[in-house]
Amino acid sequence: MSDNLDKSNINKAGKSKSNDSEQSPEDAVEGSEEALQKKIKAGSPSPQRVQRPHSSPPRFVTVEELLETAKGVTNMALAHEIVVNGDFQIKPVELPEDSLQKRVKEIVHKAFWDCLSVQLSEDPPTYDHAIKLLGEIKETLLSFLLPGHTRLRNQIIEVLDLDLIKQEAENGALDISTLAEFITGMMGTLCAPARDEEVKKLKDIKEIVPLFRAIFSVLDLMKVDMANFAVSSIRPHLMQQSVEYERKKFQELLEKQPNSLDFVTQWLEEASDDLINQKRKHALPAGGGAAGSGDAPRPSPVAIQNYAYLKLLKWDHGQRPFPETVLMDQSRFQELQLQLEQLTILGAVLLITFSMAAPGISSQADFAEKLKMIVKILLTDMHLPSFHLRDTLTTIGEKVCLEVSSCLSLCGSSPFSTDKETTLKGQIQAVASPDDPIRRIMESRILTFLETYLASGHQKPLPTVPGGLGPVHRELEEVAIKFVRLVNYNKMVFCPYYDAILRKILV
């Protein structure tokens with residue numbers, strides 16, 4: 001029972017490490033379980049259901065069916081997480097400080113290592129525990145090998161021959177230090193570059209028990225590295241299987257809950273109506289008459305789907321049920337929505353500032369980048385309930401004026417007048433209102449950019465960033481890539497359902 005005895009770490013691990021705050025597999029699974037419950041509850045009468053009298057009647061299901069479905073949704077969520085999240089990585093489980101599990105683990109491990117220390121201190125030494133550890137290490141090292149590692153496999157099997165080691169121990173000829181040296185050397189050969197430093201430190205440990213303890217600690221990290229390597233290797237091959245698997249599991253759910261496409265239908269109908277109304281509006285003659293209103297062409301199914309996914313970036317998650325097909329990604333769309341709100345505010349503040357400042361100030365890359373970083377930092381907590389945008393924008397206005405004044409001074413330009421500062425602060429604070437014209441322009445241009453990129457089929461280079469968004473183009477492109485990847489994958493999975501619904505809508 002060593003540090004490696006907690007072999008379930010890797011099985012339990014699954015948190016996603018992402019710069020985009022992507023959810024972990026546990027969160028994805030948890031979300032899918034909640035989504036399942038929402039679907040089940042959706043079978044009961046509700047205001048939304050009353051609006052859709054043509055929906056299929058709910059039927060009762062057994063507990064066994066629900067458990068089986070929940071298991072399927074859980075597996076589907078994990079496969080979905082691996083495919084959709086390009087930054088998915090497994091991390092070892094870290095037990096909370098002062099938790100009962102952590103204390104029990106520490107006590108058990110201490111007892112084991114103390115026992116090993118006593119055995120090796122006996123005269124002559126007893127190697128029962130040490131040989132078990134060597135066997136465990138041998139199996140772990142062999143598990144890291146690829147099929148072509150024949151020479152390394154033979155070396156490990158030959159040097160860590162447990163039968164021979166037992167005979168040497170019985171005859172007092174076992175040199176455990178030499179075996180430890182071989183193990184650390186082999187770990188250095190097999191480990192990822194990121195673990196080179198940890199393996200190097202092993203060579204500085206001279207006492208056997210601390211050395212073996214450290215070896216198991218590094219082996220646990222190497223197991224996680226190997227698991228992540230396997231995930232990255234299978235991702236391209238998993239894509240098609242995952243599409244078919246998710247579609248099959250959703251179909252099973254649909255058979256148990258026939259009304260599980262009601263919110264999807266409503267979502268697509270609204271997107272279709274919005275697009276038709278937009279086309280009719282543009283088709284109206286200059287005098288505003290009704291002529292031509294019936295001539296607006298119907299939008300294509302692809303255009304409706306693209307527009308529907310754009311609507312998810314403006315969704316009222318507190319008041320409206322999320323479409324069933326994208327429930328597993330609801331938290332992702334919420335995260336994208338937040339990022340776009342931050343980009344809208346950031347872009348509006350920078351546009352206002354550069355418009356009011358001296359003409360040459362925006363062309364100074366260092367100043368523009370510094371100002372952008374300051375505003376981004378102050379908007380970091382936008383997702384928190386305690387965040388107050390108006391108060392934050394007041395602070396931003398003060399800070400922006402200081403930075404602009406400092407830059408103008410360094411450039412030898414005329415300083416900001418008091419009236420200009422007051423106007424700049426007022427315009428920045430006005431961005432707090434969703435109806436602020438500059439904020440609405442930024443939001444419209446961002447959504448136009450995403451719509452253009454989505455319509456391009458993700459095959460061409462990114463479209464040109466609209467005017468005024470140049471200072472945030474890098475952040476916008478990062479969000480666009482994540483959004484389009486998420487949308488395209490969901491389209492692949494659920495296209496048969498979308499096509500069937502849209503055929504009825506567009507009749």
# chains A, B, ... in the order shown; residues from 1 in each chain; ligands from 1
call {"tool": "residues_around", "arguments": {"residues": "A:Lys138", "least_positions_apart": "3", "cutoff": "10 Å", "atoms": "only C-alpha atoms", "output": "list in words"}}
result
Lys132, Leu133, Leu134, Gly135, Leu141, Leu142, Ser143, Arg153, Ile156, Ile157, Val159, Leu160, Asp161, Leu162 and Ile183 of chain A
call {"tool": "write_last_selection", "arguments": {"atoms": "N, CA, C and O atoms", "output": "PDB file, in the first residue's frame"}}
result
ATOM      1  N   LYS A 132       7.058  -6.170  -3.318  1.00  0.00           N
ATOM      2  CA  LYS A 132       5.717  -5.822  -3.822  1.00  0.00           C
ATOM      3  C   LYS A 132       5.752  -4.481  -4.546  1.00  0.00           C
ATOM      4  O   LYS A 132       5.131  -4.301  -5.601  1.00  0.00           O
ATOM      5  N   LEU A 133       6.502  -3.529  -3.971  1.00  0.00           N
ATOM      6  CA  LEU A 133       6.630  -2.223  -4.611  1.00  0.00           C
ATOM      7  C   LEU A 133       7.326  -2.339  -5.966  1.00  0.00           C
ATOM      8  O   LEU A 133       6.929  -1.701  -6.940  1.00  0.00           O
ATOM      9  N   LEU A 134       8.365  -3.151  -6.024  1.00  0.00           N
ATOM     10  CA  LEU A 134       9.093  -3.339  -7.278  1.00  0.00           C
ATOM     11  C   LEU A 134       8.181  -3.950  -8.342  1.00  0.00           C
ATOM     12  O   LEU A 134       8.255  -3.587  -9.529  1.00  0.00           O
ATOM     13  N   GLY A 135       7.331  -4.877  -7.928  1.00  0.00           N
ATOM     14  CA  GLY A 135       6.379  -5.474  -8.866  1.00  0.00           C
ATOM     15  C   GLY A 135       5.397  -4.444  -9.394  1.00  0.00           C
ATOM     16  O   GLY A 135       5.059  -4.424 -10.591  1.00  0.00           O
ATOM     17  N   LEU A 141       5.755   0.771 -15.307  1.00  0.00           N
ATOM     18  CA  LEU A 141       6.691   1.101 -16.382  1.00  0.00           C
ATOM     19  C   LEU A 141       6.310   0.400 -17.687  1.00  0.00           C
ATOM     20  O   LEU A 141       6.361   0.996 -18.765  1.00  0.00           O
ATOM     21  N   LEU A 142       5.910  -0.857 -17.589  1.00  0.00           N
ATOM     22  CA  LEU A 142       5.498  -1.592 -18.789  1.00  0.00           C
ATOM     23  C   LEU A 142       4.250  -0.969 -19.423  1.00  0.00           C
ATOM     24  O   LEU A 142       4.086  -0.990 -20.647  1.00  0.00           O
ATOM     25  N   SER A 143       3.387  -0.394 -18.597  1.00  0.00           N
ATOM     26  CA  SER A 143       2.157   0.209 -19.129  1.00  0.00           C
ATOM     27  C   SER A 143       2.435   1.470 -19.932  1.00  0.00           C
ATOM     28  O   SER A 143       1.606   1.899 -20.729  1.00  0.00           O
ATOM     29  N   ARG A 153      11.146  -2.910 -23.217  1.00  0.00           N
ATOM     30  CA  ARG A 153      10.328  -3.919 -22.540  1.00  0.00           C
ATOM     31  C   ARG A 153      11.207  -5.062 -22.032  1.00  0.00           C
ATOM     32  O   ARG A 153      11.063  -5.507 -20.883  1.00  0.00           O
ATOM     33  N   ILE A 156      13.229  -3.954 -18.911  1.00  0.00           N
ATOM     34  CA  ILE A 156      12.428  -3.884 -17.678  1.00  0.00           C
ATOM     35  C   ILE A 156      12.137  -5.288 -17.156  1.00  0.00           C
ATOM     36  O   ILE A 156      12.259  -5.560 -15.951  1.00  0.00           O
ATOM     37  N   ILE A 157      11.745  -6.187 -18.047  1.00  0.00           N
ATOM     38  CA  ILE A 157      11.420  -7.554 -17.638  1.00  0.00           C
ATOM     39  C   ILE A 157      12.659  -8.252 -17.071  1.00  0.00           C
ATOM     40  O   ILE A 157      12.569  -8.974 -16.070  1.00  0.00           O
ATOM     41  N   VAL A 159      15.578  -6.818 -15.762  1.00  0.00           N
ATOM     42  CA  VAL A 159      16.119  -6.222 -14.527  1.00  0.00           C
ATOM     43  C   VAL A 159      15.146  -6.379 -13.366  1.00  0.00           C
ATOM     44  O   VAL A 159      15.557  -6.643 -12.225  1.00  0.00           O
ATOM     45  N   LEU A 160      13.850  -6.232 -13.640  1.00  0.00           N
ATOM     46  CA  LEU A 160      12.854  -6.330 -12.565  1.00  0.00           C
ATOM     47  C   LEU A 160      12.177  -7.702 -12.578  1.00  0.00           C
ATOM     48  O   LEU A 160      10.960  -7.816 -12.447  1.00  0.00           O
ATOM     49  N   ASP A 161      12.989  -8.740 -12.719  1.00  0.00           N
ATOM     50  CA  ASP A 161      12.525 -10.127 -12.652  1.00  0.00           C
ATOM     51  C   ASP A 161      12.258 -10.467 -11.191  1.00  0.00           C
ATOM     52  O   ASP A 161      13.185 -10.666 -10.395  1.00  0.00           O
ATOM     53  N   LEU A 162      11.006 -10.520 -10.801  1.00  0.00           N
ATOM     54  CA  LEU A 162      10.651 -10.670  -9.383  1.00  0.00           C
ATOM     55  C   LEU A 162      11.130 -12.004  -8.810  1.00  0.00           C
ATOM     56  O   LEU A 162      11.529 -12.067  -7.627  1.00  0.00           O
ATOM     57  N   ILE A 183      15.434   2.079 -12.123  1.00  0.00           N
ATOM     58  CA  ILE A 183      14.053   2.570 -12.234  1.00  0.00           C
ATOM     59  C   ILE A 183      14.029   4.055 -12.571  1.00  0.00           C
ATOM     60  O   ILE A 183      13.304   4.491 -13.473  1.00  0.00           O
TER      61      ILE A 183
END
call {"tool": "residues_around", "arguments": {"residues": "A:Asn490", "least_positions_apart": "2", "cutoff": "12 Å", "atoms": "only C-alpha atoms", "output": "short mmCIF file (atom, residue, chain, number, x, y, z; two decimals) with all heavy atoms, in the first residue's frame"}}
result
data_model
loop_
_atom_site.label_atom_id
_atom_site.label_comp_id
_atom_site.auth_asym_id
_atom_site.auth_seq_id
_atom_site.Cartn_x
_atom_site.Cartn_y
_atom_site.Cartn_z
N HIS A 80 -18.35 13.60 -25.25
CA HIS A 80 -18.60 14.94 -25.78
C HIS A 80 -17.53 15.92 -25.29
O HIS A 80 -17.02 16.73 -26.06
CB HIS A 80 -19.98 15.40 -25.31
CG HIS A 80 -20.41 16.71 -25.85
ND1 HIS A 80 -21.04 16.86 -27.06
CD2 HIS A 80 -20.30 17.97 -25.34
CE1 HIS A 80 -21.31 18.14 -27.28
NE2 HIS A 80 -20.87 18.83 -26.24
N VAL A 83 -14.17 15.46 -27.15
CA VAL A 83 -14.18 15.90 -28.54
C VAL A 83 -14.29 17.42 -28.66
O VAL A 83 -13.58 18.06 -29.43
CB VAL A 83 -15.33 15.23 -29.30
CG1 VAL A 83 -15.48 15.82 -30.70
CG2 VAL A 83 -15.09 13.73 -29.41
N VAL A 84 -15.20 18.01 -27.89
CA VAL A 84 -15.48 19.44 -28.03
C VAL A 84 -14.40 20.31 -27.41
O VAL A 84 -14.03 21.34 -27.95
CB VAL A 84 -16.85 19.77 -27.39
CG1 VAL A 84 -17.07 21.26 -27.34
CG2 VAL A 84 -17.96 19.12 -28.19
N MET A 239 -13.99 11.47 -33.07
CA MET A 239 -14.98 12.42 -33.55
C MET A 239 -16.20 11.73 -34.17
O MET A 239 -17.33 11.91 -33.72
CB MET A 239 -14.33 13.36 -34.57
CG MET A 239 -15.29 14.32 -35.24
SD MET A 239 -15.89 15.60 -34.13
CE MET A 239 -14.45 16.68 -34.12
N SER A 242 -18.04 9.50 -31.78
CA SER A 242 -18.76 10.28 -30.77
C SER A 242 -20.04 10.86 -31.35
O SER A 242 -21.08 10.89 -30.68
CB SER A 242 -17.86 11.40 -30.25
OG SER A 242 -18.51 12.14 -29.25
N VAL A 243 -19.98 11.31 -32.59
CA VAL A 243 -21.19 11.84 -33.25
C VAL A 243 -22.27 10.76 -33.29
O VAL A 243 -23.43 11.01 -32.91
CB VAL A 243 -20.85 12.32 -34.68
CG1 VAL A 243 -22.13 12.56 -35.48
CG2 VAL A 243 -20.01 13.59 -34.63
N GLU A 244 -21.91 9.57 -33.74
CA GLU A 244 -22.89 8.48 -33.84
C GLU A 244 -23.38 8.05 -32.45
O GLU A 244 -24.56 7.76 -32.26
CB GLU A 244 -22.25 7.30 -34.57
CG GLU A 244 -21.92 7.61 -36.04
CD GLU A 244 -21.11 6.51 -36.70
OE1 GLU A 244 -20.80 5.51 -36.01
OE2 GLU A 244 -20.79 6.65 -37.89
N GLU A 246 -23.47 9.88 -29.59
CA GLU A 246 -24.35 10.88 -28.99
C GLU A 246 -25.72 10.86 -29.63
O GLU A 246 -26.75 10.99 -28.95
CB GLU A 246 -23.74 12.27 -29.12
CG GLU A 246 -22.57 12.52 -28.17
CD GLU A 246 -22.21 13.98 -28.09
OE1 GLU A 246 -23.12 14.82 -27.99
OE2 GLU A 246 -21.00 14.29 -28.10
N ARG A 247 -25.74 10.69 -30.96
CA ARG A 247 -27.02 10.67 -31.66
C ARG A 247 -27.85 9.45 -31.21
O ARG A 247 -29.06 9.55 -30.98
CB ARG A 247 -26.79 10.61 -33.17
CG ARG A 247 -28.04 10.88 -33.99
CD ARG A 247 -27.72 10.78 -35.46
NE ARG A 247 -26.77 11.78 -35.88
CZ ARG A 247 -26.02 11.69 -36.97
NH1 ARG A 247 -26.12 10.62 -37.75
NH2 ARG A 247 -25.17 12.64 -37.30
N GLN A 305 -30.37 27.58 -38.84
CA GLN A 305 -29.57 26.94 -37.78
C GLN A 305 -28.48 27.89 -37.28
O GLN A 305 -28.27 28.02 -36.06
CB GLN A 305 -28.94 25.66 -38.30
CG GLN A 305 -29.93 24.53 -38.52
CD GLN A 305 -29.24 23.24 -38.92
OE1 GLN A 305 -28.29 22.80 -38.29
NE2 GLN A 305 -29.71 22.62 -39.99
N ASN A 306 -27.78 28.56 -38.20
CA ASN A 306 -26.72 29.48 -37.79
C ASN A 306 -27.28 30.61 -36.93
O ASN A 306 -26.70 30.96 -35.89
CB ASN A 306 -26.02 30.07 -39.02
CG ASN A 306 -25.16 29.05 -39.72
OD1 ASN A 306 -24.92 27.96 -39.22
ND2 ASN A 306 -24.67 29.40 -40.91
N TYR A 309 -28.19 29.38 -33.43
CA TYR A 309 -27.04 29.26 -32.53
C TYR A 309 -26.54 30.62 -32.07
O TYR A 309 -26.08 30.76 -30.93
CB TYR A 309 -25.92 28.47 -33.21
CG TYR A 309 -26.09 26.98 -33.08
CD1 TYR A 309 -26.55 26.21 -34.14
CD2 TYR A 309 -25.83 26.33 -31.87
CE1 TYR A 309 -26.73 24.84 -34.01
CE2 TYR A 309 -26.01 24.97 -31.73
CZ TYR A 309 -26.46 24.22 -32.80
OH TYR A 309 -26.64 22.86 -32.66
N PRO A 323 -32.59 24.80 -25.30
CA PRO A 323 -32.93 23.71 -26.24
C PRO A 323 -32.31 22.38 -25.82
O PRO A 323 -31.14 22.33 -25.43
CB PRO A 323 -32.35 24.22 -27.57
CG PRO A 323 -32.32 25.70 -27.43
CD PRO A 323 -32.02 25.97 -25.99
N GLU A 324 -33.09 21.32 -25.94
CA GLU A 324 -32.66 20.02 -25.40
C GLU A 324 -31.38 19.49 -26.03
O GLU A 324 -30.55 18.89 -25.34
CB GLU A 324 -33.77 18.98 -25.61
CG GLU A 324 -35.06 19.26 -24.84
CD GLU A 324 -36.07 20.05 -25.66
OE1 GLU A 324 -35.67 20.72 -26.64
OE2 GLU A 324 -37.26 20.00 -25.32
N THR A 325 -31.19 19.71 -27.32
CA THR A 325 -30.02 19.12 -27.99
C THR A 325 -28.71 19.74 -27.53
O THR A 325 -27.66 19.12 -27.70
CB THR A 325 -30.15 19.30 -29.52
OG1 THR A 325 -30.37 20.69 -29.80
CG2 THR A 325 -31.27 18.46 -30.07
N VAL A 326 -28.74 20.93 -26.99
CA VAL A 326 -27.50 21.61 -26.59
C VAL A 326 -27.39 21.76 -25.08
O VAL A 326 -26.58 22.54 -24.58
CB VAL A 326 -27.37 22.99 -27.27
CG1 VAL A 326 -26.97 22.84 -28.70
CG2 VAL A 326 -28.65 23.79 -27.16
N LEU A 327 -28.17 20.98 -24.34
CA LEU A 327 -28.14 21.09 -22.88
C LEU A 327 -26.76 20.79 -22.30
O LEU A 327 -26.33 21.42 -21.34
CB LEU A 327 -29.17 20.14 -22.25
CG LEU A 327 -30.55 20.74 -21.99
CD1 LEU A 327 -31.51 19.66 -21.51
CD2 LEU A 327 -30.48 21.87 -20.99
N MET A 328 -26.06 19.82 -22.89
CA MET A 328 -24.73 19.48 -22.35
C MET A 328 -23.74 20.61 -22.52
O MET A 328 -22.75 20.69 -21.82
CB MET A 328 -24.19 18.21 -23.02
CG MET A 328 -24.75 16.94 -22.43
SD MET A 328 -23.71 15.51 -22.84
CE MET A 328 -23.88 15.46 -24.60
N ASP A 329 -24.03 21.51 -23.45
CA ASP A 329 -23.13 22.62 -23.71
C ASP A 329 -23.67 23.94 -23.19
O ASP A 329 -23.15 25.00 -23.54
CB ASP A 329 -22.86 22.74 -25.22
CG ASP A 329 -21.96 21.64 -25.73
OD1 ASP A 329 -20.97 21.34 -25.05
OD2 ASP A 329 -22.26 21.06 -26.79
N GLN A 330 -24.70 23.89 -22.36
CA GLN A 330 -25.28 25.14 -21.87
C GLN A 330 -24.24 25.99 -21.16
O GLN A 330 -24.15 27.20 -21.38
CB GLN A 330 -26.47 24.87 -20.95
CG GLN A 330 -27.14 26.17 -20.48
CD GLN A 330 -28.46 25.91 -19.77
OE1 GLN A 330 -28.79 24.77 -19.44
NE2 GLN A 330 -29.22 26.97 -19.54
N PHE A 483 -16.55 29.05 -30.62
CA PHE A 483 -17.98 29.04 -30.93
C PHE A 483 -18.28 28.19 -32.16
O PHE A 483 -19.17 27.33 -32.14
CB PHE A 483 -18.45 30.49 -31.15
CG PHE A 483 -19.87 30.61 -31.63
CD1 PHE A 483 -20.93 30.25 -30.81
CD2 PHE A 483 -20.15 31.09 -32.90
CE1 PHE A 483 -22.25 30.36 -31.26
CE2 PHE A 483 -21.45 31.21 -33.36
CZ PHE A 483 -22.50 30.84 -32.53
N VAL A 484 -17.53 28.40 -33.23
CA VAL A 484 -17.78 27.67 -34.47
C VAL A 484 -17.50 26.18 -34.31
O VAL A 484 -18.25 25.34 -34.82
CB VAL A 484 -16.95 28.28 -35.63
CG1 VAL A 484 -17.04 27.41 -36.87
CG2 VAL A 484 -17.44 29.68 -35.93
N ARG A 485 -16.44 25.84 -33.58
CA ARG A 485 -16.15 24.43 -33.34
C ARG A 485 -17.29 23.76 -32.58
O ARG A 485 -17.72 22.65 -32.91
CB ARG A 485 -14.84 24.30 -32.55
CG ARG A 485 -14.41 22.85 -32.30
CD ARG A 485 -13.04 22.81 -31.65
NE ARG A 485 -13.04 23.47 -30.36
CZ ARG A 485 -11.97 24.00 -29.78
NH1 ARG A 485 -10.81 23.96 -30.40
NH2 ARG A 485 -12.05 24.57 -28.60
N LEU A 486 -17.82 24.46 -31.58
CA LEU A 486 -18.92 23.92 -30.78
C LEU A 486 -20.19 23.77 -31.61
O LEU A 486 -20.86 22.73 -31.56
CB LEU A 486 -19.17 24.87 -29.60
CG LEU A 486 -20.16 24.45 -28.53
CD1 LEU A 486 -19.73 23.15 -27.87
CD2 LEU A 486 -20.29 25.55 -27.48
N VAL A 487 -20.49 24.77 -32.42
CA VAL A 487 -21.70 24.73 -33.24
C VAL A 487 -21.61 23.63 -34.29
O VAL A 487 -22.54 22.85 -34.48
CB VAL A 487 -21.93 26.10 -33.91
CG1 VAL A 487 -23.05 26.00 -34.96
CG2 VAL A 487 -22.29 27.15 -32.86
N ASN A 488 -20.48 23.57 -34.98
CA ASN A 488 -20.34 22.57 -36.05
C ASN A 488 -20.44 21.15 -35.53
O ASN A 488 -21.02 20.27 -36.18
CB ASN A 488 -19.02 22.78 -36.79
CG ASN A 488 -19.05 23.98 -37.72
OD1 ASN A 488 -20.13 24.47 -38.05
ND2 ASN A 488 -17.90 24.47 -38.11
N MET A 492 -23.36 18.37 -36.49
CA MET A 492 -23.07 17.01 -36.97
C MET A 492 -23.89 15.97 -36.21
O MET A 492 -24.42 15.03 -36.79
CB MET A 492 -21.58 16.71 -36.82
CG MET A 492 -20.68 17.46 -37.79
SD MET A 492 -18.93 17.28 -37.36
CE MET A 492 -18.72 15.51 -37.58
N VAL A 493 -24.01 16.17 -34.91
CA VAL A 493 -24.72 15.19 -34.08
C VAL A 493 -26.22 15.23 -34.34
O VAL A 493 -26.88 14.21 -34.53
CB VAL A 493 -24.44 15.44 -32.58
CG1 VAL A 493 -25.29 14.48 -31.72
CG2 VAL A 493 -22.96 15.25 -32.27
N PHE A 494 -26.79 16.43 -34.37
CA PHE A 494 -28.25 16.56 -34.34
C PHE A 494 -28.86 16.97 -35.66
O PHE A 494 -30.05 17.31 -35.71
CB PHE A 494 -28.64 17.56 -33.24
CG PHE A 494 -28.23 17.13 -31.86
CD1 PHE A 494 -27.18 17.77 -31.20
CD2 PHE A 494 -28.85 16.07 -31.23
CE1 PHE A 494 -26.78 17.37 -29.93
CE2 PHE A 494 -28.46 15.66 -29.97
CZ PHE A 494 -27.42 16.30 -29.31
N CYS A 495 -28.08 16.94 -36.75
CA CYS A 495 -28.62 17.39 -38.05
C CYS A 495 -29.89 16.65 -38.46
O CYS A 495 -30.81 17.28 -39.02
CB CYS A 495 -27.55 17.32 -39.13
SG CYS A 495 -26.86 15.68 -39.42
N PRO A 496 -30.03 15.32 -38.22
CA PRO A 496 -31.29 14.67 -38.64
C PRO A 496 -32.51 15.26 -37.95
O PRO A 496 -33.58 15.38 -38.58
CB PRO A 496 -31.08 13.19 -38.23
CG PRO A 496 -29.60 13.03 -38.16
CD PRO A 496 -29.08 14.33 -37.66
N TYR A 497 -32.37 15.62 -36.67
CA TYR A 497 -33.50 16.20 -35.93
C TYR A 497 -33.80 17.61 -36.42
O TYR A 497 -34.96 17.99 -36.61
CB TYR A 497 -33.20 16.20 -34.43
CG TYR A 497 -32.87 14.82 -33.91
CD1 TYR A 497 -31.55 14.44 -33.68
CD2 TYR A 497 -33.88 13.89 -33.67
CE1 TYR A 497 -31.24 13.18 -33.21
CE2 TYR A 497 -33.58 12.62 -33.19
CZ TYR A 497 -32.25 12.27 -32.97
OH TYR A 497 -31.95 11.01 -32.51
N TYR A 498 -32.74 18.42 -36.63
CA TYR A 498 -32.93 19.77 -37.13
C TYR A 498 -33.58 19.76 -38.51
O TYR A 498 -34.50 20.54 -38.78
CB TYR A 498 -31.59 20.52 -37.20
CG TYR A 498 -30.92 20.74 -35.86
CD1 TYR A 498 -29.55 20.94 -35.78
CD2 TYR A 498 -31.66 20.76 -34.68
CE1 TYR A 498 -28.92 21.16 -34.55
CE2 TYR A 498 -31.04 20.97 -33.45
CZ TYR A 498 -29.67 21.16 -33.40
OH TYR A 498 -29.05 21.38 -32.18
#
call {"tool": "residues_around", "arguments": {"residues": "A:His383", "least_positions_apart": "3", "cutoff": "12 Å", "atoms": "only C-alpha atoms", "output": "PyMOL selection string"}}
result
chain A and resi 21+334-342+379-380+386-389
call {"tool": "write_last_selection", "arguments": {"atoms": "N, CA and C atoms", "output": "tab-separated table (two decimals), in the first residue's frame"}}
result
chain	number	residue	atom	x	y	z
A	21	SER	N	-11.64	28.52	-19.29
A	21	SER	CA	-12.52	28.12	-18.19
A	21	SER	C	-13.54	27.12	-18.63
A	334	GLN	N	-22.97	29.76	-22.04
A	334	GLN	CA	-23.00	30.82	-21.04
A	334	GLN	C	-21.62	31.48	-20.92
A	335	GLU	N	-20.58	30.66	-20.94
A	335	GLU	CA	-19.23	31.19	-20.86
A	335	GLU	C	-18.91	32.05	-22.08
A	336	LEU	N	-19.29	31.58	-23.28
A	336	LEU	CA	-19.08	32.37	-24.49
A	336	LEU	C	-19.88	33.67	-24.43
A	337	GLN	N	-21.08	33.59	-23.91
A	337	GLN	CA	-21.92	34.78	-23.79
A	337	GLN	C	-21.25	35.82	-22.89
A	338	LEU	N	-20.69	35.35	-21.78
A	338	LEU	CA	-20.00	36.26	-20.86
A	338	LEU	C	-18.77	36.87	-21.53
A	339	GLN	N	-18.01	36.04	-22.23
A	339	GLN	CA	-16.81	36.54	-22.90
A	339	GLN	C	-17.16	37.59	-23.94
A	340	LEU	N	-18.26	37.38	-24.67
A	340	LEU	CA	-18.67	38.35	-25.67
A	340	LEU	C	-19.18	39.64	-25.03
A	341	GLU	N	-19.84	39.53	-23.89
A	341	GLU	CA	-20.26	40.73	-23.17
A	341	GLU	C	-19.05	41.54	-22.72
A	342	GLN	N	-18.03	40.84	-22.20
A	342	GLN	CA	-16.81	41.52	-21.79
A	342	GLN	C	-16.12	42.17	-22.99
A	379	LEU	N	-12.52	44.23	-15.71
A	379	LEU	CA	-13.77	43.54	-16.08
A	379	LEU	C	-13.72	42.04	-15.77
A	380	THR	N	-12.65	41.59	-15.15
A	380	THR	CA	-12.46	40.15	-14.91
A	380	THR	C	-13.61	39.52	-14.14
A	386	SER	N	-21.72	39.87	-7.36
A	386	SER	CA	-21.37	41.10	-6.64
A	386	SER	C	-20.83	42.19	-7.56
A	387	PHE	N	-20.64	41.86	-8.85
A	387	PHE	CA	-20.05	42.81	-9.79
A	387	PHE	C	-21.07	43.87	-10.18
A	388	HIS	N	-20.66	45.14	-10.15
A	388	HIS	CA	-21.52	46.25	-10.56
A	388	HIS	C	-20.84	46.96	-11.72
A	389	LEU	N	-21.42	46.83	-12.90
A	389	LEU	CA	-20.78	47.35	-14.10
A	389	LEU	C	-20.65	48.87	-14.06
call {"tool": "closest_residue", "arguments": {"among": "A:Leu378, A:Leu174, A:Ala480, A:Ala192", "to": "A:Leu462", "atoms": "only C-alpha atoms"}}
result
A:Ala480
call {"tool": "closest_residue", "arguments": {"among": "A:Val118, A:Ala308, A:Met356, A:Leu221", "to": "A:Lys491", "atoms": "only C-alpha atoms"}}
result
A:Ala308
call {"tool": "select_by_dssp", "arguments": {"residues": "stretch 77-160 of chain A", "states": "helix (DSSP H, G or I)", "output": "JSON, numbers by chain"}}
result
{"A": [77, 78, 79, 80, 81, 82, 83, 84, 100, 101, 102, 103, 104, 105, 106, 107, 108, 109, 110, 111, 112, 113, 114, 115, 116, 117, 118, 119, 120, 121, 128, 129, 130, 131, 132, 133, 134, 135, 136, 137, 138, 139, 140, 141, 142, 143, 150, 151, 152, 153, 154, 155, 156, 157, 158, 159]}
call {"tool": "residues_around", "arguments": {"residues": "A:Met226", "least_positions_apart": "6", "cutoff": "10 Å", "atoms": "only C-alpha atoms", "output": "tab-separated table (two decimals) with C-alpha atoms, in the first residue's frame"}}
result
chain	number	residue	atom	x	y	z
A	90	ILE	CA	-6.95	14.75	-16.99
A	143	SER	CA	2.16	0.21	-19.13
A	144	PHE	CA	3.96	3.28	-20.45
A	145	LEU	CA	5.52	1.39	-23.38
A	190	LEU	CA	9.82	7.33	-20.63
A	191	CYS	CA	8.63	10.54	-19.00
A	192	ALA	CA	7.27	13.59	-20.81
A	220	ASP	CA	1.41	8.95	-10.62
A	232	SER	CA	-5.02	13.64	-27.59
call {"tool": "closest_residue", "arguments": {"among": "A:Lys314, A:Lys102, A:Arg213, A:Lys249", "to": "A:Leu447", "atoms": "only C-alpha atoms"}}
result
A:Lys314
call {"tool": "atom_distance", "arguments": {"atom1": "atom CA of A:Lys279", "atom2": "atom CA of A:Ala303"}}
result
12.3 Å
call {"tool": "closest_residue", "arguments": {"among": "A:Thr392, A:Gly347, A:Pro125, A:Ile304", "to": "A:Ala173", "atoms": "only C-alpha atoms"}}
result
A:Pro125
call {"tool": "atom_distance", "arguments": {"atom1": "atom CA of A:Phe449", "atom2": "atom CA of A:Thr464"}}
result
7.9 Å
call {"tool": "residues_around", "arguments": {"residues": "A:Gly397", "least_positions_apart": "3", "cutoff": "9 Å", "atoms": "only C-alpha atoms", "output": "VMD selection string"}}
result
chain A and resid 349 392 to 394 400 to 402 421 424 to 429
